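The next block is work.csv, given as CSV, C-alpha atoms.
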```csv
chain,number,residue,atom,x,y,z
A,159,MET,CA,182.8,37.4,151.2
A,160,LYS,CA,181.0,35.2,148.7
A,161,LEU,CA,179.2,32.1,150.0
A,162,MET,CA,177.3,29.2,148.6
A,163,LEU,CA,173.9,28.4,150.1
A,164,THR,CA,173.0,24.8,149.8
A,165,SER,CA,169.7,23.5,148.3
A,166,PHE,CA,168.3,20.7,150.5
A,167,GLY,CA,168.0,17.4,148.5
A,168,ILE,CA,169.7,18.9,145.5
A,169,GLU,CA,171.5,15.6,144.7
A,170,ARG,CA,168.1,13.9,144.2
A,171,ALA,CA,167.0,16.5,141.7
A,172,ILE,CA,169.4,14.9,139.2
A,173,ALA,CA,167.2,11.9,138.7
A,174,GLU,CA,163.8,13.2,140.0
A,175,SER,CA,161.3,15.7,138.8
A,176,GLY,CA,157.7,16.6,139.3
A,177,ASP,CA,156.1,17.6,142.6
A,178,ARG,CA,158.2,18.3,145.7
A,179,PRO,CA,158.5,15.3,148.0
A,180,SER,CA,158.3,17.7,150.9
A,181,MET,CA,158.2,21.4,151.7
A,182,TYR,CA,162.0,21.3,152.3
A,183,TYR,CA,162.9,20.0,148.8
A,184,LEU,CA,165.5,22.3,147.2
A,185,MET,CA,165.1,24.9,149.9
A,186,PRO,CA,168.0,27.0,151.4
A,187,PRO,CA,168.9,26.8,155.1
A,188,VAL,CA,166.9,28.7,157.6
A,189,SER,CA,167.8,30.1,161.0
A,190,PHE,CA,167.7,27.7,163.9
A,191,ARG,CA,167.7,30.5,166.5
A,192,SER,CA,163.9,30.4,166.7
A,193,ALA,CA,160.9,28.6,165.1
A,194,SER,CA,157.3,29.6,164.8
A,195,GLN,CA,154.7,29.3,162.0
A,196,PHE,CA,157.3,31.0,159.8
A,197,PHE,CA,160.9,30.2,159.3
A,198,MET,CA,163.4,33.1,159.5
A,199,PRO,CA,166.4,33.7,157.2
A,200,ASP,CA,169.8,33.3,158.8
A,201,TYR,CA,170.5,37.0,159.1
A,202,GLU,CA,173.7,36.4,161.1
A,203,LEU,CA,175.1,34.5,158.1
A,204,LEU,CA,173.9,37.0,155.5
A,205,LEU,CA,175.5,39.9,157.3
A,206,LEU,CA,178.9,38.2,156.5
A,207,CYS,CA,178.2,37.9,152.8
A,208,ASP,CA,178.6,40.5,150.1
A,209,ARG,CA,177.1,38.0,147.6
A,210,VAL,CA,175.5,34.5,147.9
A,211,VAL,CA,175.6,31.8,145.3
A,212,MET,CA,172.4,29.7,144.8
A,213,ASP,CA,171.0,27.2,142.5
A,214,GLU,CA,168.7,29.1,140.1
A,215,MET,CA,166.0,26.3,140.2
A,216,SER,CA,166.0,26.5,144.0
A,217,PHE,CA,165.8,30.2,144.0
A,218,ASN,CA,162.8,30.2,141.6
A,219,ALA,CA,161.0,27.5,143.7
A,220,LEU,CA,161.6,29.6,146.8
A,221,VAL,CA,160.4,33.0,145.6
A,222,GLU,CA,157.7,31.9,143.1
A,223,ARG,CA,155.8,29.3,145.1
A,224,PRO,CA,157.0,29.2,148.7
A,225,ALA,CA,155.4,27.0,151.3
A,226,THR,CA,153.7,29.0,154.1
A,227,SER,CA,156.7,28.5,156.4
A,228,TYR,CA,159.0,30.1,153.9
A,229,LEU,CA,157.2,33.4,153.2
A,230,ARG,CA,159.7,35.5,155.2
A,231,VAL,CA,162.6,33.7,153.8
A,232,ALA,CA,161.3,34.3,150.3
A,233,GLU,CA,160.8,38.0,151.0
A,234,THR,CA,164.4,38.3,152.1
A,235,PHE,CA,165.8,36.6,149.0
A,236,ARG,CA,163.7,38.6,146.7
A,237,ALA,CA,165.2,41.7,148.3
A,238,LEU,CA,168.8,40.3,148.0
A,239,LYS,CA,168.2,39.6,144.3
A,240,ALA,CA,166.8,43.1,143.7
A,241,ASP,CA,169.9,44.4,145.3
A,242,GLU,CA,172.1,42.3,143.0
A,243,ARG,CA,173.5,40.2,145.8
A,244,ILE,CA,172.6,36.8,144.4
A,245,GLU,CA,174.5,34.8,141.8
A,246,PHE,CA,173.2,31.7,140.2
A,247,ALA,CA,174.9,28.4,139.6
A,248,ASP,CA,173.7,25.2,138.0
A,249,PHE,CA,174.1,22.7,140.9
A,250,ASN,CA,172.6,19.9,138.9
A,251,LYS,CA,175.1,20.3,136.1
A,252,ILE,CA,178.1,20.3,138.5
A,253,LEU,CA,176.8,17.2,140.2
A,254,GLN,CA,176.1,15.4,137.0
A,255,ASP,CA,179.7,16.1,135.9
A,256,ASN,CA,181.0,14.7,139.1
A,257,ALA,CA,178.5,11.8,139.5
A,258,ALA,CA,181.3,9.2,139.6
A,259,LEU,CA,183.2,11.1,142.3
A,260,HIS,CA,180.1,11.5,144.3
A,261,LYS,CA,179.3,7.8,144.2
A,262,LYS,CA,182.9,6.9,145.2
A,263,MET,CA,182.8,9.3,148.1
A,264,VAL,CA,179.6,7.8,149.5
A,265,GLU,CA,180.8,4.3,149.0
A,266,HIS,CA,184.0,5.1,150.8
A,267,ASP,CA,182.1,6.7,153.8
A,268,LEU,CA,179.8,3.7,154.1
A,269,GLN,CA,182.7,1.2,154.5
A,270,ILE,CA,182.6,1.8,158.2
A,271,LEU,CA,179.1,2.6,159.3
A,272,ASP,CA,179.9,2.9,163.0
A,273,GLN,CA,181.9,6.1,162.5
A,274,TRP,CA,178.7,7.9,161.5
A,275,ILE,CA,176.6,6.7,164.5
A,276,SER,CA,177.5,9.7,166.7
A,277,PRO,CA,177.0,12.3,163.8
A,278,LEU,CA,173.6,10.7,162.9
A,279,ARG,CA,172.5,10.8,166.6
A,280,ASP,CA,173.6,14.4,167.0
A,281,SER,CA,171.9,15.4,163.7
A,282,LEU,CA,168.6,13.9,164.8
A,283,ASP,CA,168.8,15.6,168.2
A,284,ILE,CA,169.5,19.0,166.6
A,285,TRP,CA,166.4,18.8,164.3
A,286,ARG,CA,164.3,17.4,167.2
A,287,HIS,CA,165.2,20.4,169.4
A,288,PHE,CA,164.5,22.8,166.6
A,289,SER,CA,161.2,21.3,165.7
A,290,ARG,CA,160.0,21.2,169.3
A,291,THR,CA,160.5,25.0,169.6
A,292,ALA,CA,157.8,25.5,167.1
A,293,ILE,CA,154.7,27.2,168.4
A,294,ASP,CA,152.2,26.4,165.6
A,295,TRP,CA,153.0,24.4,162.5
A,296,PRO,CA,149.6,23.1,161.4
A,297,HIS,CA,150.9,22.8,157.8
A,298,LEU,CA,153.5,20.2,158.6
A,299,VAL,CA,151.4,17.2,157.8
A,300,PHE,CA,152.2,13.7,156.6
A,301,GLY,CA,149.3,11.4,155.7
A,302,GLY,CA,146.8,13.6,157.5
A,303,GLU,CA,148.8,13.4,160.8
A,304,THR,CA,150.9,16.2,162.2
A,305,TRP,CA,154.5,15.5,163.0
A,306,PHE,CA,154.0,16.1,166.7
A,307,SER,CA,151.5,13.2,167.1
A,308,SER,CA,154.4,10.8,166.3
A,309,HIS,CA,155.2,8.3,169.0
A,310,THR,CA,158.5,7.2,167.4
A,311,THR,CA,161.5,9.3,168.4
A,312,ASN,CA,163.1,9.7,165.0
A,313,ARG,CA,160.1,9.5,162.7
A,314,ARG,CA,159.8,13.2,161.9
A,315,GLU,CA,163.5,13.8,161.9
A,316,LEU,CA,164.1,11.1,159.3
A,317,ALA,CA,161.1,12.3,157.2
A,318,HIS,CA,162.9,15.7,157.1
A,319,GLY,CA,166.5,14.4,156.6
A,320,MET,CA,165.7,11.9,153.9
A,321,LEU,CA,162.6,13.5,152.2
A,322,LEU,CA,160.6,10.4,153.0
A,323,ASP,CA,156.9,9.7,153.1
A,324,GLU,CA,155.2,8.8,156.4
A,325,SER,CA,155.1,5.0,156.0
A,326,ARG,CA,158.8,4.7,155.1
A,327,ALA,CA,159.9,7.1,157.8
A,328,GLN,CA,157.9,5.1,160.3
A,329,TYR,CA,159.7,1.8,159.5
A,330,LEU,CA,163.2,3.3,159.3
A,331,ALA,CA,162.6,5.3,162.5
A,332,THR,CA,161.7,2.1,164.4
A,333,MET,CA,164.9,0.3,163.2
A,334,ILE,CA,167.2,3.4,163.6
A,335,ASP,CA,165.9,4.0,167.2
A,336,GLU,CA,167.0,0.6,168.2
A,337,ALA,CA,170.2,0.6,166.2
A,338,LEU,CA,171.4,3.9,167.8
A,339,GLN,CA,170.7,2.6,171.3
A,340,SER,CA,172.4,-0.9,170.9
A,341,SER,CA,175.8,-1.7,169.5
A,342,ALA,CA,174.8,-5.4,169.5
A,343,LYS,CA,171.8,-4.7,167.3
A,344,ARG,CA,173.9,-2.6,164.9
A,345,LYS,CA,175.9,-5.8,164.1
A,346,LYS,CA,172.8,-7.6,162.9
A,347,LYS,CA,171.9,-7.5,159.2
A,348,GLU,CA,168.3,-6.5,159.7
A,349,TYR,CA,169.5,-3.3,161.4
A,350,ARG,CA,172.5,-2.6,159.3
A,351,ILE,CA,170.5,-2.5,156.1
A,352,PRO,CA,168.2,0.3,157.2
A,353,LEU,CA,171.1,2.1,158.9
A,354,ARG,CA,173.0,2.0,155.7
A,355,GLU,CA,170.0,3.4,153.8
A,356,VAL,CA,169.7,6.3,156.2
A,357,LEU,CA,173.4,7.1,156.2
A,358,ALA,CA,173.6,6.8,152.4
A,359,ALA,CA,170.9,9.5,152.1
A,360,TYR,CA,172.6,11.8,154.7
A,361,LEU,CA,176.1,11.3,153.3
A,362,GLY,CA,174.9,11.6,149.7
A,363,TYR,CA,173.6,15.1,150.5
A,364,VAL,CA,176.7,16.1,152.5
A,365,ASN,CA,179.1,14.9,149.9
A,366,ALA,CA,177.1,16.7,147.1
A,367,ASN,CA,177.6,20.0,148.9
A,368,LEU,CA,181.3,19.3,149.5
A,369,ILE,CA,181.7,18.7,145.7
A,370,LEU,CA,179.7,21.9,144.9
A,371,GLY,CA,181.8,24.0,147.3
A,372,ASN,CA,185.0,22.6,145.8
A,373,GLU,CA,184.0,23.1,142.2
A,374,LEU,CA,182.8,26.7,142.9
A,375,ASN,CA,185.9,27.3,145.0
A,376,ILE,CA,183.9,29.0,147.8
A,377,GLY,CA,182.7,28.2,151.3
A,378,PHE,CA,179.1,27.1,151.8
A,379,HIS,CA,176.4,27.1,154.5
A,380,ASP,CA,174.0,24.2,155.1
A,381,TRP,CA,171.2,23.3,157.4
A,382,GLN,CA,172.4,23.2,161.0
A,383,ASP,CA,171.2,19.6,161.6
A,384,PHE,CA,173.8,18.4,159.1
A,385,SER,CA,176.7,20.1,160.9
A,386,PRO,CA,177.7,16.9,162.8
A,387,PHE,CA,178.4,15.2,159.5
A,388,TYR,CA,180.5,18.1,158.3
A,389,SER,CA,182.4,18.2,161.6
A,390,ALA,CA,183.3,14.5,161.2
A,391,LYS,CA,184.4,15.2,157.6
A,392,PHE,CA,186.5,18.2,158.5
A,393,LEU,CA,188.3,16.2,161.3
A,394,SER,CA,189.7,13.9,158.8
A,395,VAL,CA,191.6,16.8,157.2
A,396,GLY,CA,192.6,18.4,160.5
A,397,ARG,CA,189.8,20.9,161.0
A,398,GLU,CA,187.0,21.1,163.5
A,399,VAL,CA,184.5,23.3,161.7
A,400,SER,CA,184.7,25.6,158.7
A,401,GLU,CA,185.8,29.2,159.0
A,402,VAL,CA,182.3,30.3,157.8
A,403,GLN,CA,180.7,28.5,160.7
A,404,LYS,CA,183.1,30.0,163.2
A,405,GLN,CA,182.3,33.5,161.9
A,406,ARG,CA,178.5,32.9,161.9
A,407,HIS,CA,178.6,31.5,165.4
A,408,GLN,CA,180.4,34.6,166.7
A,409,MET,CA,177.9,36.9,164.9
A,410,GLU,CA,175.0,34.9,166.5
A,411,THR,CA,176.7,35.1,170.0
A,412,MET,CA,177.1,38.8,169.7
A,413,PHE,CA,173.4,39.3,168.9
A,414,THR,CA,172.3,36.8,171.4
A,415,VAL,CA,174.5,37.5,174.4
A,416,SER,CA,175.9,41.0,174.1
A,417,PHE,CA,173.4,43.0,172.1
A,418,PRO,CA,170.2,41.2,171.5
A,419,ASP,CA,168.3,44.4,170.9
A,420,LEU,CA,170.5,45.2,167.9
A,421,ALA,CA,169.8,42.0,166.1
A,422,ILE,CA,168.8,42.2,162.4
A,423,THR,CA,165.3,40.9,162.0
A,424,LYS,CA,164.0,42.4,158.7
A,425,PRO,CA,165.1,42.4,155.0
A,426,SER,CA,165.2,46.2,155.0
A,427,ALA,CA,167.5,46.3,158.0
A,428,LEU,CA,169.7,43.6,156.4
A,429,LEU,CA,170.1,45.7,153.2
A,430,LYS,CA,170.8,48.9,155.2
A,431,ALA,CA,173.7,47.1,156.9
A,432,LEU,CA,175.1,45.4,153.9
A,433,ASN,CA,175.1,48.7,151.9
A,434,HIS,CA,176.8,50.7,154.6
A,435,LYS,CA,180.6,51.0,154.6
A,436,ARG,CA,180.7,50.4,158.3
A,437,ILE,CA,179.7,46.7,157.8
A,438,GLU,CA,183.3,46.0,157.2
A,439,GLU,CA,184.1,47.1,160.7
A,440,LEU,CA,181.5,44.8,162.1
A,441,ARG,CA,183.0,41.9,160.1
A,442,ARG,CA,186.5,42.8,161.4
A,443,LEU,CA,185.1,42.6,164.9
A,444,ILE,CA,183.8,39.2,164.2
A,445,ASP,CA,187.2,38.1,162.9
A,446,ASP,CA,188.7,39.3,166.1
A,447,ALA,CA,186.2,37.2,168.0
A,448,VAL,CA,187.1,34.1,165.9
A,449,ALA,CA,190.8,34.7,166.6
A,450,GLY,CA,190.1,35.0,170.4
A,451,ARG,CA,190.9,38.6,170.7
A,452,VAL,CA,187.3,39.5,171.6
A,453,ILE,CA,184.8,37.6,173.8
A,454,PHE,CA,181.1,38.4,173.3
A,455,ASP,CA,179.7,38.3,176.8
A,456,HIS,CA,177.9,40.6,179.1
A,457,LYS,CA,181.2,42.2,180.2
A,458,PHE,CA,181.9,43.1,176.5
A,459,ALA,CA,178.5,44.7,176.2
A,460,ARG,CA,179.0,46.8,179.4
A,461,ASP,CA,182.5,47.9,178.3
A,462,VAL,CA,181.2,49.0,174.9
A,463,LEU,CA,178.3,50.9,176.3
A,464,ARG,CA,180.6,52.6,178.9
A,465,GLU,CA,183.0,53.6,176.1
A,466,VAL,CA,180.2,54.8,173.8
A,467,LEU,CA,178.7,56.9,176.6
A,468,GLY,CA,182.1,58.3,177.4
A,469,SER,CA,182.6,59.3,173.7
A,470,GLU,CA,179.2,61.0,173.6
A,471,ARG,CA,180.1,63.1,176.7
A,472,LYS,CA,183.4,64.1,175.1
A,473,SER,CA,181.6,64.9,171.8
A,474,ARG,CA,179.2,67.3,173.6
A,475,LYS,CA,182.1,69.0,175.3
A,476,LEU,CA,184.0,69.3,172.0
A,477,ARG,CA,180.9,70.9,170.3
A,478,SER,CA,180.8,73.5,173.1
A,479,VAL,CA,184.5,74.2,172.8
A,480,VAL,CA,184.4,74.5,169.0
A,481,GLY,CA,181.3,76.7,169.3
A,482,TYR,CA,183.1,79.0,171.7
A,483,LEU,CA,186.3,79.2,169.6
A,484,THR,CA,184.4,80.0,166.4
A,485,LEU,CA,182.2,82.6,168.1
A,486,PRO,CA,184.2,85.7,166.9
A,487,ILE,CA,183.6,84.6,163.3
A,488,GLY,CA,179.9,85.1,163.8
A,489,PHE,CA,180.5,88.9,164.2
A,490,ILE,CA,181.8,89.2,160.6
A,491,PRO,CA,179.1,91.2,158.6
A,492,TRP,CA,177.0,89.2,156.1
A,493,ILE,CA,179.1,86.0,156.1
A,494,GLY,CA,179.8,85.6,159.8
A,495,THR,CA,177.0,83.3,160.9
A,496,PRO,CA,177.1,80.9,157.9
A,497,ALA,CA,180.9,80.7,158.1
A,498,GLN,CA,180.7,80.0,161.8
A,499,LYS,CA,178.2,77.2,161.3
A,500,LEU,CA,180.3,75.6,158.5
A,501,ILE,CA,183.5,75.7,160.6
A,502,GLU,CA,181.6,74.3,163.7
A,503,GLU,CA,180.2,71.4,161.7
A,504,GLY,CA,183.4,70.7,159.8
A,505,VAL,CA,185.7,70.7,162.9
A,506,GLY,CA,183.1,69.2,165.2
A,507,SER,CA,182.3,66.3,162.8
A,508,ALA,CA,186.0,65.5,162.3
A,509,LEU,CA,186.6,65.4,166.1
A,510,GLU,CA,183.4,63.3,166.7
A,511,ARG,CA,184.4,60.8,164.0
A,512,LYS,CA,187.8,60.3,165.7
A,513,LEU,CA,186.2,59.8,169.1
A,514,LYS,CA,183.6,57.3,167.8
A,515,HIS,CA,185.8,55.5,165.4
A,516,GLN,CA,186.5,52.5,167.6
A,517,HIS,CA,182.8,51.6,167.9
A,518,ARG,CA,181.5,52.6,164.5
A,519,TRP,CA,180.0,49.1,164.1
A,520,PHE,CA,177.9,49.8,167.2
A,521,TYR,CA,176.6,53.1,165.8
A,522,LEU,CA,175.7,51.3,162.6
A,523,LEU,CA,173.6,48.7,164.3
A,524,SER,CA,172.0,51.1,166.7
A,525,ASP,CA,171.1,53.5,163.9
A,526,ILE,CA,169.5,50.7,161.9
A,527,ALA,CA,167.6,49.4,165.0
A,528,GLU,CA,166.3,52.9,165.7
A,529,SER,CA,165.2,53.5,162.1
A,530,GLU,CA,163.4,50.2,162.0
A,531,PHE,CA,161.2,51.2,164.9
A,532,GLU,CA,160.3,54.6,163.7
```
Would you encode the structure as structure tokens?
Amino acid sequence: MKLMLTSFGIERAIAESGDRPSMYYLMPPVSFRSASQFFMPDYELLLLCDRVVMDEMSFNALVERPATSYLRVAETFRALKADERIEFADFNKILQDNAALHKKMVEHDLQILDQWISPLRDSLDIWRHFSRTAIDWPHLVFGGETWFSSHTTNRRELAHGMLLDESRAQYLATMIDEALQSSAKRKKKEYRIPLREVLAAYLGYVNANLILGNELNIGFHDWQDFSPFYSAKFLSVGREVSEVQKQRHQMETMFTVSFPDLAITKPSALLKALNHKRIEELRRLIDDAVAGRVIFDHKFARDVLREVLGSERKSRKLRSVVGYLTLPIGFIPWIGTPAQKLIEEGVGSALERKLKHQHRWFYLLSDIAESEFE
């Protein structure tokens, strides 16, 4: 599968240049499974992709001068590029060519502000939850003050979502806090103006990615806190979420619920998996989960382990039987022992492959996990 990775704030890059307005500017999505001093790449997503499409300017900004939080993300994307798994596209050029369409889409969305209240509230909640799982982010500073000293609920969320400076985020957060809590206040001009400003920024970015995905004719993956806006967009065309997000969710569920010890956590492990032919069997398993034929829960894990252990026992028995059957060959002068070993290995390997075929994806992940700890 080929997939586009978004570049946060890319639609602003058309008219802006110079220093980054924030550490997130033009950066690709990161994993929301965990947060610490370092962001982690979204390995669950990357396991689904043979190639990813990125904006070249964003890639260069990521790998050449990454913020401290992005060091591990940058390491992963350097490895993907070295393995020829990244394609570049000029996002700016595509958006410039579609500037009139982009403007029309945003204006259409903003005709009814109230339809975006729930997505905005959910988006802010998602980012708030993610940011509060951080252990130590001393580098996330606005105006000499860490985000966590903020007393306004949405201040840091809006600073992230709109690439704002501290003072502007403070004003908008105050107004948006009240607007989201009161339908009566949302009817007043003094609240609708900042609400429109915030939604225009969010929807401008969301619509830019919809245009890019459509022009490149591929699916795309964005920051998770924007997912409520995409869900609202997809509902208008009879879909709940994109197929990519369904697959990614199932991959994350498998690694979180069923086999957390087999999760991919390093670039080297990611590339081993991507370059192994058995990765397709893992992806087919994910497709089965999306279709509802498989449910990733503790029962699934127990069943797989029971079947794998059963296959191992059968394999040991088969090796004993094959060794017994080929024993007479060992008595042939000069060639007996080598011939016996070749036959044992050939017949034994074929029988073992047949026994283990159903769970080849499991052996792939367990072999990678074992090698990463050696």
Hey, what's within 7 Å of Ala366 of chain A if we count only C-alpha atoms and toss same-chain stuff fewer than 5 positions away? As an mmCIF file with C-alpha atoms, keeping the file's coordinate frame, please?
```
data_model
loop_
_atom_site.group_PDB
_atom_site.id
_atom_site.type_symbol
_atom_site.label_atom_id
_atom_site.label_comp_id
_atom_site.auth_asym_id
_atom_site.auth_seq_id
_atom_site.Cartn_x
_atom_site.Cartn_y
_atom_site.Cartn_z
ATOM 1 C CA GLU A 169 171.500 15.600 144.700
ATOM 2 C CA LEU A 253 176.800 17.200 140.200
ATOM 3 C CA HIS A 260 180.100 11.500 144.300
#
```
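Take the candidates A:Val356, A:Ala258, A:Glu214, A:Arg223 and check each one against Ile275 of chain A using all atoms listed in the file; the shortest distance goes to A:Val356.
With atom CA of Arg464 of chain A on one side and atom CA of His517 of chain A on the other, the separation reads 11.3 Å.
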Exercise. Pick out the residues sitting within 10 Å of Lys404 of chain A, and hand them over as a VMD selection string; count only C-alpha atoms, and ignore anything fewer than 4 positions along from it in its own chain.
Key: chain A and resid 398 to 400 408 to 409 444 to 445 447 to 449
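Residues lying within 12 Å of Leu428 of chain A, counting all atoms listed in the file and ignoring same-chain neighbours fewer than 6 positions away, are Pro199, Asp200, Tyr201, Glu202, Leu203, Leu204, Leu205, Leu206, Cys207, Asp208, Glu233, Thr234, Phe235, Ala237, Leu238, Asp241, Arg243, Leu420, Ala421, Ile422, His434, Ile437, Leu522, Leu523, Ile526, Ala527 and Glu530 of chain A.
Among A:Leu163, A:Ile252, A:Val188, A:Leu467, the residue with the shortest atom-to-atom distance to Val211 of chain A, counting only C-alpha atoms, is A:Leu163.
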Quiz item: For Leu353 of chain A, which residue among A:Glu336, A:Glu410, A:Asp525, A:Asp213 is the nearest when counting only C-alpha atoms?
Solution: A:Glu336
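Atom CA of Leu321 of chain A sits 27.8 Å away from atom CA of Lys239 of chain A.
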Quiz item: Interatomic distance between atom CA of Arg326 of chain A and atom CA of Met263 of chain A?
Solution: 25.4 Å
